[in-house]
>>> print(open('my_file25.csv').read())   # CSV, C-alpha atoms
chain,number,residue,atom,x,y,z
A,1,MET,CA,-86.4,-30.3,-2.8
A,2,PRO,CA,-84.7,-27.2,-1.4
A,3,ILE,CA,-83.0,-25.2,-4.1
A,4,ASP,CA,-79.8,-25.0,-2.0
A,5,ALA,CA,-79.6,-28.9,-2.0
A,6,ILE,CA,-79.4,-29.1,-5.8
A,7,ARG,CA,-75.9,-29.2,-7.2
A,8,VAL,CA,-75.0,-28.3,-10.8
A,9,VAL,CA,-71.8,-30.3,-11.4
A,10,SER,CA,-72.5,-31.8,-14.8
A,11,ASN,CA,-69.6,-31.4,-17.3
A,12,VAL,CA,-72.1,-30.2,-19.9
A,13,ARG,CA,-74.1,-27.2,-18.7
A,14,GLU,CA,-76.9,-25.5,-20.4
A,15,GLU,CA,-76.6,-22.0,-21.7
A,16,VAL,CA,-79.0,-20.2,-19.4
A,17,GLY,CA,-79.5,-17.2,-21.7
A,18,ASP,CA,-82.3,-14.7,-21.3
A,19,LEU,CA,-84.5,-15.9,-18.5
A,20,ARG,CA,-87.0,-13.0,-18.2
A,21,ALA,CA,-90.0,-14.8,-19.8
A,22,LEU,CA,-89.3,-18.0,-17.8
A,23,VAL,CA,-88.9,-16.0,-14.5
A,24,ALA,CA,-92.2,-14.3,-15.1
A,25,SER,CA,-93.8,-17.7,-15.7
A,26,VAL,CA,-92.3,-19.1,-12.5
A,27,GLN,CA,-93.4,-16.1,-10.5
A,28,GLN,CA,-97.0,-16.6,-11.7
A,29,HIS,CA,-97.3,-20.4,-11.9
A,30,GLY,CA,-94.3,-21.8,-10.1
A,31,VAL,CA,-92.0,-24.5,-11.7
A,32,ILE,CA,-94.5,-26.7,-13.5
A,33,GLU,CA,-92.2,-29.3,-15.0
A,34,PRO,CA,-90.0,-31.0,-12.3
A,35,LEU,CA,-86.3,-30.9,-12.5
A,36,ILE,CA,-84.5,-34.2,-12.9
A,37,VAL,CA,-81.9,-34.9,-10.1
A,38,LYS,CA,-79.9,-37.8,-8.7
A,39,PRO,CA,-80.7,-39.0,-5.1
A,40,ASP,CA,-77.8,-36.9,-3.8
A,41,GLY,CA,-79.2,-33.7,-5.5
A,42,GLU,CA,-76.9,-33.6,-8.5
A,43,LEU,CA,-78.9,-31.9,-11.4
A,44,ILE,CA,-79.4,-34.0,-14.5
A,45,ALA,CA,-81.7,-31.7,-16.4
A,46,GLY,CA,-83.4,-28.4,-15.7
A,47,GLN,CA,-80.7,-25.8,-15.2
A,48,ARG,CA,-82.7,-23.0,-16.8
A,49,ARG,CA,-85.7,-23.8,-14.6
A,50,LEU,CA,-83.4,-23.9,-11.5
A,51,ALA,CA,-81.9,-20.5,-12.4
A,52,ALA,CA,-85.3,-18.9,-13.0
A,53,ALA,CA,-86.6,-20.3,-9.7
A,54,LYS,CA,-83.6,-18.7,-7.8
A,55,ILE,CA,-84.3,-15.3,-9.5
A,56,ALA,CA,-88.0,-15.6,-8.7
A,57,GLY,CA,-87.1,-16.1,-5.0
A,58,LEU,CA,-88.3,-19.7,-4.6
A,59,THR,CA,-86.8,-21.8,-1.9
A,60,HIS,CA,-88.1,-25.2,-3.1
A,61,VAL,CA,-88.7,-26.7,-6.6
A,62,PRO,CA,-90.4,-29.9,-7.7
A,63,VAL,CA,-88.0,-32.7,-8.8
A,64,ARG,CA,-88.0,-36.1,-10.3
A,65,VAL,CA,-85.3,-38.3,-8.7
A,66,CYS,CA,-83.5,-40.8,-11.0
A,67,ASP,CA,-81.1,-43.2,-9.4
A,68,VAL,CA,-78.5,-43.1,-12.1
A,69,ARG,CA,-74.9,-44.0,-11.5
A,70,ASP,CA,-73.5,-44.1,-15.1
A,71,PRO,CA,-72.4,-40.6,-16.2
A,72,ARG,CA,-73.2,-41.4,-19.8
A,73,VAL,CA,-76.8,-42.5,-18.9
A,74,ALA,CA,-77.3,-39.3,-16.9
A,75,LEU,CA,-76.1,-37.2,-19.8
A,76,GLU,CA,-78.4,-39.1,-22.2
A,77,ILE,CA,-81.4,-38.6,-19.9
A,78,GLY,CA,-80.6,-34.8,-19.6
A,79,LEU,CA,-80.2,-34.5,-23.3
A,80,ILE,CA,-83.4,-36.3,-24.2
A,81,GLU,CA,-85.4,-34.3,-21.6
A,82,ASN,CA,-84.1,-31.0,-22.8
A,83,VAL,CA,-84.6,-31.9,-26.5
A,84,GLN,CA,-88.2,-32.9,-25.8
A,85,ARG,CA,-88.7,-29.6,-24.0
A,86,ARG,CA,-86.7,-27.7,-26.7
A,87,ASP,CA,-84.7,-26.1,-23.8
A,88,LEU,CA,-81.3,-26.6,-25.4
A,89,ASP,CA,-79.7,-23.9,-27.5
A,90,PRO,CA,-77.5,-25.1,-30.4
A,91,LEU,CA,-74.2,-24.7,-28.5
A,92,SER,CA,-75.4,-26.6,-25.4
A,93,ARG,CA,-76.7,-29.3,-27.7
A,94,ALA,CA,-73.3,-29.4,-29.5
A,95,ARG,CA,-71.4,-29.7,-26.2
A,96,ALA,CA,-73.7,-32.6,-25.1
A,97,TYR,CA,-73.1,-34.4,-28.4
A,98,HIS,CA,-69.4,-33.8,-28.0
A,99,ALA,CA,-69.3,-35.2,-24.5
A,100,LEU,CA,-71.3,-38.3,-25.5
A,101,ILE,CA,-68.9,-39.0,-28.4
A,102,HIS,CA,-65.5,-38.0,-27.0
A,103,GLU,CA,-65.9,-38.6,-23.3
A,104,HIS,CA,-68.3,-41.5,-23.2
A,105,GLY,CA,-67.5,-43.4,-26.4
A,106,ALA,CA,-70.8,-43.0,-28.2
A,107,ALA,CA,-70.9,-43.2,-32.0
A,108,VAL,CA,-72.4,-40.4,-34.0
A,109,GLU,CA,-75.1,-42.7,-35.2
A,110,GLU,CA,-76.0,-43.5,-31.6
A,111,VAL,CA,-76.3,-39.9,-30.7
A,112,ALA,CA,-78.4,-39.2,-33.8
A,113,ARG,CA,-80.8,-42.0,-32.9
A,114,LEU,CA,-81.0,-40.8,-29.3
A,115,VAL,CA,-82.3,-37.4,-30.4
A,116,GLY,CA,-84.3,-38.7,-33.4
A,117,GLN,CA,-82.2,-37.0,-36.0
A,118,GLY,CA,-79.8,-38.0,-38.8
A,119,GLY,CA,-76.0,-38.1,-38.6
A,120,ALA,CA,-75.7,-34.8,-40.5
A,121,HIS,CA,-77.6,-33.1,-37.7
A,122,VAL,CA,-75.0,-34.2,-35.2
A,123,TYR,CA,-72.0,-33.2,-37.4
A,124,GLN,CA,-73.5,-29.8,-38.1
A,125,HIS,CA,-73.8,-29.1,-34.3
A,126,LEU,CA,-70.3,-30.3,-33.6
A,127,GLN,CA,-69.0,-27.7,-36.2
A,128,LEU,CA,-70.2,-25.0,-33.9
A,129,LEU,CA,-67.6,-25.8,-31.3
A,130,ASP,CA,-64.9,-24.7,-33.7
A,131,LEU,CA,-66.4,-21.3,-34.3
A,132,HIS,CA,-64.6,-18.2,-33.1
A,133,PRO,CA,-65.8,-17.2,-29.6
A,134,ASP,CA,-67.3,-14.0,-30.9
A,135,VAL,CA,-69.4,-16.0,-33.4
A,136,GLN,CA,-70.5,-18.4,-30.6
A,137,ALA,CA,-71.5,-15.4,-28.4
A,138,ALA,CA,-73.6,-14.0,-31.3
A,139,LEU,CA,-75.3,-17.3,-31.7
A,140,ARG,CA,-76.0,-17.6,-28.0
A,141,ALA,CA,-77.5,-14.0,-28.1
A,142,GLU,CA,-79.5,-15.0,-31.1
A,143,LYS,CA,-78.0,-12.2,-33.2
A,144,ILE,CA,-77.3,-14.9,-35.8
A,145,SER,CA,-79.2,-18.1,-36.5
A,146,PHE,CA,-78.0,-21.7,-36.4
A,147,ALA,CA,-78.0,-21.7,-40.2
A,148,ASP,CA,-75.9,-18.5,-40.3
A,149,ALA,CA,-73.3,-20.0,-37.9
A,150,ARG,CA,-73.0,-23.1,-40.0
A,151,GLU,CA,-72.3,-20.9,-43.0
A,152,LEU,CA,-69.4,-19.3,-41.2
A,153,ALA,CA,-67.9,-22.6,-40.0
A,154,PRO,CA,-65.6,-23.2,-43.1
A,155,LEU,CA,-64.0,-19.8,-42.8
A,156,ALA,CA,-60.7,-19.1,-40.9
A,157,PRO,CA,-61.4,-17.6,-37.4
A,158,GLU,CA,-60.4,-14.1,-38.4
A,159,ASP,CA,-62.6,-14.2,-41.4
A,160,GLN,CA,-65.5,-15.5,-39.3
A,161,VAL,CA,-65.2,-12.4,-37.2
A,162,ALA,CA,-65.0,-10.1,-40.3
A,163,VAL,CA,-68.1,-11.6,-41.8
A,164,LEU,CA,-69.9,-11.4,-38.4
A,165,ASP,CA,-69.0,-7.7,-38.1
A,166,GLU,CA,-70.4,-7.1,-41.6
A,167,VAL,CA,-73.6,-9.0,-40.8
A,168,LEU,CA,-74.2,-7.2,-37.5
A,169,SER,CA,-73.4,-3.8,-39.1
A,170,LEU,CA,-76.2,-4.1,-41.6
A,171,PRO,CA,-79.2,-1.8,-40.8
A,172,LYS,CA,-81.6,-4.8,-41.1
A,173,ARG,CA,-81.0,-8.4,-40.1
A,174,PRO,CA,-80.0,-10.2,-43.3
A,175,THR,CA,-81.7,-13.4,-44.5
A,176,SER,CA,-79.8,-16.7,-44.4
A,177,ARG,CA,-79.4,-16.4,-48.2
A,178,GLN,CA,-77.8,-12.9,-47.8
A,179,VAL,CA,-75.4,-14.3,-45.1
A,180,LYS,CA,-74.5,-17.1,-47.5
A,181,GLN,CA,-73.7,-14.6,-50.2
A,182,ILE,CA,-71.4,-12.6,-47.8
A,183,VAL,CA,-69.6,-15.8,-46.9
A,184,HIS,CA,-69.2,-16.8,-50.6
A,185,ALA,CA,-67.8,-13.3,-51.4
A,186,ARG,CA,-65.3,-13.6,-48.6
A,187,ARG,CA,-64.1,-17.0,-49.8
A,188,ALA,CA,-64.0,-15.8,-53.4
A,189,LEU,CA,-61.8,-12.8,-52.6
A,190,ALA,CA,-59.5,-15.0,-50.5
A,191,ALA,CA,-59.2,-17.4,-53.4
A,192,ALA,CA,-58.3,-14.5,-55.7
A,193,ARG,CA,-55.4,-13.5,-53.4
A,194,ARG,CA,-54.1,-17.1,-53.3
A,195,GLN,CA,-54.4,-17.3,-57.1
A,196,ALA,CA,-52.6,-14.0,-57.6
A,197,ALA,CA,-49.8,-15.2,-55.3
A,198,ASN,CA,-49.5,-18.4,-57.4
A,199,PRO,CA,-49.8,-17.4,-61.1
A,200,ALA,CA,-48.3,-20.7,-62.2
A,201,ALA,CA,-51.6,-22.5,-61.5
A,202,ASP,CA,-53.2,-24.3,-64.4
A,203,ASP,CA,-55.7,-22.9,-66.8
A,204,ASP,CA,-58.6,-24.4,-64.9
A,205,GLY,CA,-58.0,-22.1,-61.9
A,206,GLY,CA,-55.9,-24.4,-59.8
A,207,ASP,CA,-56.5,-25.3,-56.3
A,208,ALA,CA,-57.3,-21.7,-55.2
A,209,TYR,CA,-60.7,-21.7,-56.9
A,210,GLY,CA,-61.3,-25.4,-56.4
A,211,ASP,CA,-61.2,-24.7,-52.6
A,212,LEU,CA,-64.3,-22.6,-53.0
A,213,PHE,CA,-66.3,-25.8,-53.6
A,214,ALA,CA,-64.8,-27.7,-50.6
A,215,HIS,CA,-66.8,-27.5,-47.4
A,216,ASP,CA,-63.7,-27.0,-45.2
A,217,ALA,CA,-62.0,-24.3,-47.4
A,218,ASN,CA,-60.1,-21.7,-45.5
A,219,ALA,CA,-60.2,-18.0,-46.4
A,220,GLY,CA,-57.2,-15.6,-46.5
A,221,GLU,CA,-57.0,-11.9,-46.2
A,222,PRO,CA,-59.7,-9.8,-48.0
A,223,ALA,CA,-58.7,-8.5,-51.4
A,224,PRO,CA,-58.4,-4.8,-52.1
A,225,SER,CA,-61.3,-2.8,-53.4
A,226,LEU,CA,-60.6,-3.0,-57.1
A,227,ASP,CA,-62.8,-3.3,-60.2
A,228,ALA,CA,-61.2,-6.7,-60.9
A,229,ALA,CA,-62.3,-7.9,-57.4
A,230,SER,CA,-65.8,-6.8,-58.0
A,231,GLU,CA,-65.9,-8.7,-61.3
A,232,LEU,CA,-64.4,-11.7,-59.6
A,233,ASN,CA,-67.1,-11.6,-56.9
A,234,ALA,CA,-69.8,-11.6,-59.6
A,235,VAL,CA,-68.3,-14.5,-61.4
A,236,VAL,CA,-67.9,-16.7,-58.3
A,237,ALA,CA,-71.4,-15.9,-57.2
A,238,GLU,CA,-72.6,-17.3,-60.5
A,239,MET,CA,-70.4,-20.3,-60.1
A,240,LEU,CA,-71.6,-21.1,-56.7
A,241,ALA,CA,-75.3,-20.5,-57.5
A,242,ALA,CA,-75.6,-22.1,-60.9
A,243,ALA,CA,-72.6,-24.3,-61.8
A,244,GLN,CA,-73.9,-26.6,-64.5
A,245,GLY,CA,-71.6,-28.7,-66.7
A,246,GLU,CA,-67.8,-28.9,-67.0
A,247,ASP,CA,-67.6,-26.7,-70.1
A,248,GLN,CA,-69.1,-23.8,-68.3
A,249,LEU,CA,-66.9,-24.3,-65.3
A,250,ARG,CA,-63.8,-24.3,-67.5
A,251,ALA,CA,-64.9,-21.0,-69.1
A,252,TRP,CA,-65.5,-19.4,-65.7
A,253,ALA,CA,-62.1,-20.7,-64.5
A,254,ARG,CA,-60.3,-19.1,-67.4
A,255,ARG,CA,-62.0,-15.9,-66.7
A,256,LEU,CA,-61.1,-16.1,-63.1
A,257,ASN,CA,-57.4,-16.6,-64.0
A,258,ARG,CA,-57.5,-13.4,-66.1
A,259,ILE,CA,-59.0,-11.5,-63.2
A,260,ALA,CA,-56.5,-12.9,-60.7
A,261,ALA,CA,-53.6,-11.9,-63.0
A,262,ALA,CA,-55.1,-8.4,-63.2
A,263,LEU,CA,-55.2,-8.2,-59.4
A,264,GLY,CA,-51.6,-9.4,-59.1
A,265,ALA,CA,-50.4,-6.8,-61.7
A,266,GLU,CA,-52.2,-3.9,-59.9
A,267,GLU,CA,-50.9,-4.9,-56.5
A,268,LYS,CA,-47.3,-4.8,-58.0
>>> encode(input="my_file25.csv", output="structure tokens")
Amino acid sequence: MPIDAIRVVSNVREEVGDLRALVASVQQHGVIEPLIVKPDGELIAGQRRLAAAKIAGLTHVPVRVCDVRDPRVALEIGLIENVQRRDLDPLSRARAYHALIHEHGAAVEEVARLVGQGGAHVYQHLQLLDLHPDVQAALRAEKISFADARELAPLAPEDQVAVLDEVLSLPKRPTSRQVKQIVHARRALAAARRQAANPAADDDGGDAYGDLFAHDANAGEPAPSLDAASELNAVVAEMLAAAQGEDQLRAWARRLNRIAAALGAEEK
């Protein structure tokens, strides 16, 4: 089919990304795997291949025509084809999942079965759509991994950007474990600020520190650079890494309250 006759009008577009390797392959071998289109030329799957073919100077590309009239079925076909080829980046996959669920009425379990994954896989991708645009851009550019992006998801947007800046400023790309530690530190310091602002919390640390163990906890402003803050950071790192048994948790919580009180006193 002539390239000019193919129309990209889908409400869920692939992230084209870096096409250099694909363009080089197309220039040498042509488009090996056919694009999937409707009879009228509307593209169902293969946007990266189409973009690479245009850059390579091709005028025609091989296509497989599917006479599909249901938009949901067309979206499912495109999703399955791209998943099988591993063409979809995490954000494009997330948008496809979101469209199936919120625009076409599919259940999460249906989408999970469609792509051969569990429900958690779908929910983890949907979280990416709530990330700050800067974080999404870093994920698209592969400056951070899918696992890193998931770690940032529970943070408030401004804290996501702060953590991203810290991660990207490091001389060497951090491991997923190091990114997780940075996120935990951010959440811990935010909890300290909330606790210092509410000293009437109970002896077990109140909701400020309980939020650290909730997946959807929000972080506040970063705490000042104080010795108490450093000690707080170390305690919370232990809690998050090795919390074992209620007695130990209560001891940590009491220690956290003392540190929070010190932070509040020094700020005054």
>>> closest_residue(input="my_file25.csv", among="A:Glu81, A:Asp165, A:Asp159, A:Asp4", to="A:Arg187", atoms="only C-alpha atoms")
A:Asp159
>>> atom_distance(input="my_file25.csv", atom1="atom CA of A:Leu168", atom2="atom CA of A:Ala96")
28.3 Å
>>> closest_residue(input="my_file25.csv", among="A:Pro133, A:Leu58, A:Leu75, A:Arg140", to="A:Ile101", atoms="all atoms listed in the file")
A:Leu75
>>> residues_around(input="my_file25.csv", residues="stretch 106-114 of chain A", least_positions_apart="5", cutoff="9 Å", atoms="only C-alpha atoms", output="ChimeraX atom specification")
/A:72,76,79-80,97,99-101,119-123
>>> closest_residue(input="my_file25.csv", among="A:Lys143, A:His125, A:Arg7, A:His60", to="A:Pro174", atoms="all atoms listed in the file")
A:Lys143
>>> closest_residue(input="my_file25.csv", among="A:Arg255, A:His104, A:Lys38, A:Lys180", to="A:Ala149", atoms="all atoms listed in the file")
A:Lys180
>>> closest_residue(input="my_file25.csv", among="A:Leu35, A:Ala191, A:Ala138, A:Ile55", to="A:Leu22", atoms="all atoms listed in the file")
A:Ile55
>>> residues_around(input="my_file25.csv", residues="A:Leu164", least_positions_apart="5", cutoff="10 Å", atoms="all atoms listed in the file", output="NGL selection string")
:A and (134-135 or 138 or 143-144 or 148-149 or 152 or 158-159 or 169 or 179 or 182-183)
>>> write_last_selection(input="my_file25.csv", atoms="C-alpha atoms", output="PDB file, keeping the file's coordinate frame")
ATOM      1  CA  ASP A 134     -67.300 -14.000 -30.900  1.00  0.00           C
ATOM      2  CA  VAL A 135     -69.400 -16.000 -33.400  1.00  0.00           C
ATOM      3  CA  ALA A 138     -73.600 -14.000 -31.300  1.00  0.00           C
ATOM      4  CA  LYS A 143     -78.000 -12.200 -33.200  1.00  0.00           C
ATOM      5  CA  ILE A 144     -77.300 -14.900 -35.800  1.00  0.00           C
ATOM      6  CA  ASP A 148     -75.900 -18.500 -40.300  1.00  0.00           C
ATOM      7  CA  ALA A 149     -73.300 -20.000 -37.900  1.00  0.00           C
ATOM      8  CA  LEU A 152     -69.400 -19.300 -41.200  1.00  0.00           C
ATOM      9  CA  GLU A 158     -60.400 -14.100 -38.400  1.00  0.00           C
ATOM     10  CA  ASP A 159     -62.600 -14.200 -41.400  1.00  0.00           C
ATOM     11  CA  SER A 169     -73.400  -3.800 -39.100  1.00  0.00           C
ATOM     12  CA  VAL A 179     -75.400 -14.300 -45.100  1.00  0.00           C
ATOM     13  CA  ILE A 182     -71.400 -12.600 -47.800  1.00  0.00           C
ATOM     14  CA  VAL A 183     -69.600 -15.800 -46.900  1.00  0.00           C
TER      15      VAL A 183
END
>>> closest_residue(input="my_file25.csv", among="A:Val68, A:Ala262, A:Ala156, A:Val167", to="A:Gln181", atoms="all atoms listed in the file")
A:Val167
>>> atom_distance(input="my_file25.csv", atom1="atom CA of A:Val63", atom2="atom CA of A:Ala21")
21.1 Å
>>> atom_distance(input="my_file25.csv", atom1="atom CA of A:Asp89", atom2="atom CA of A:Ala56")
22.2 Å
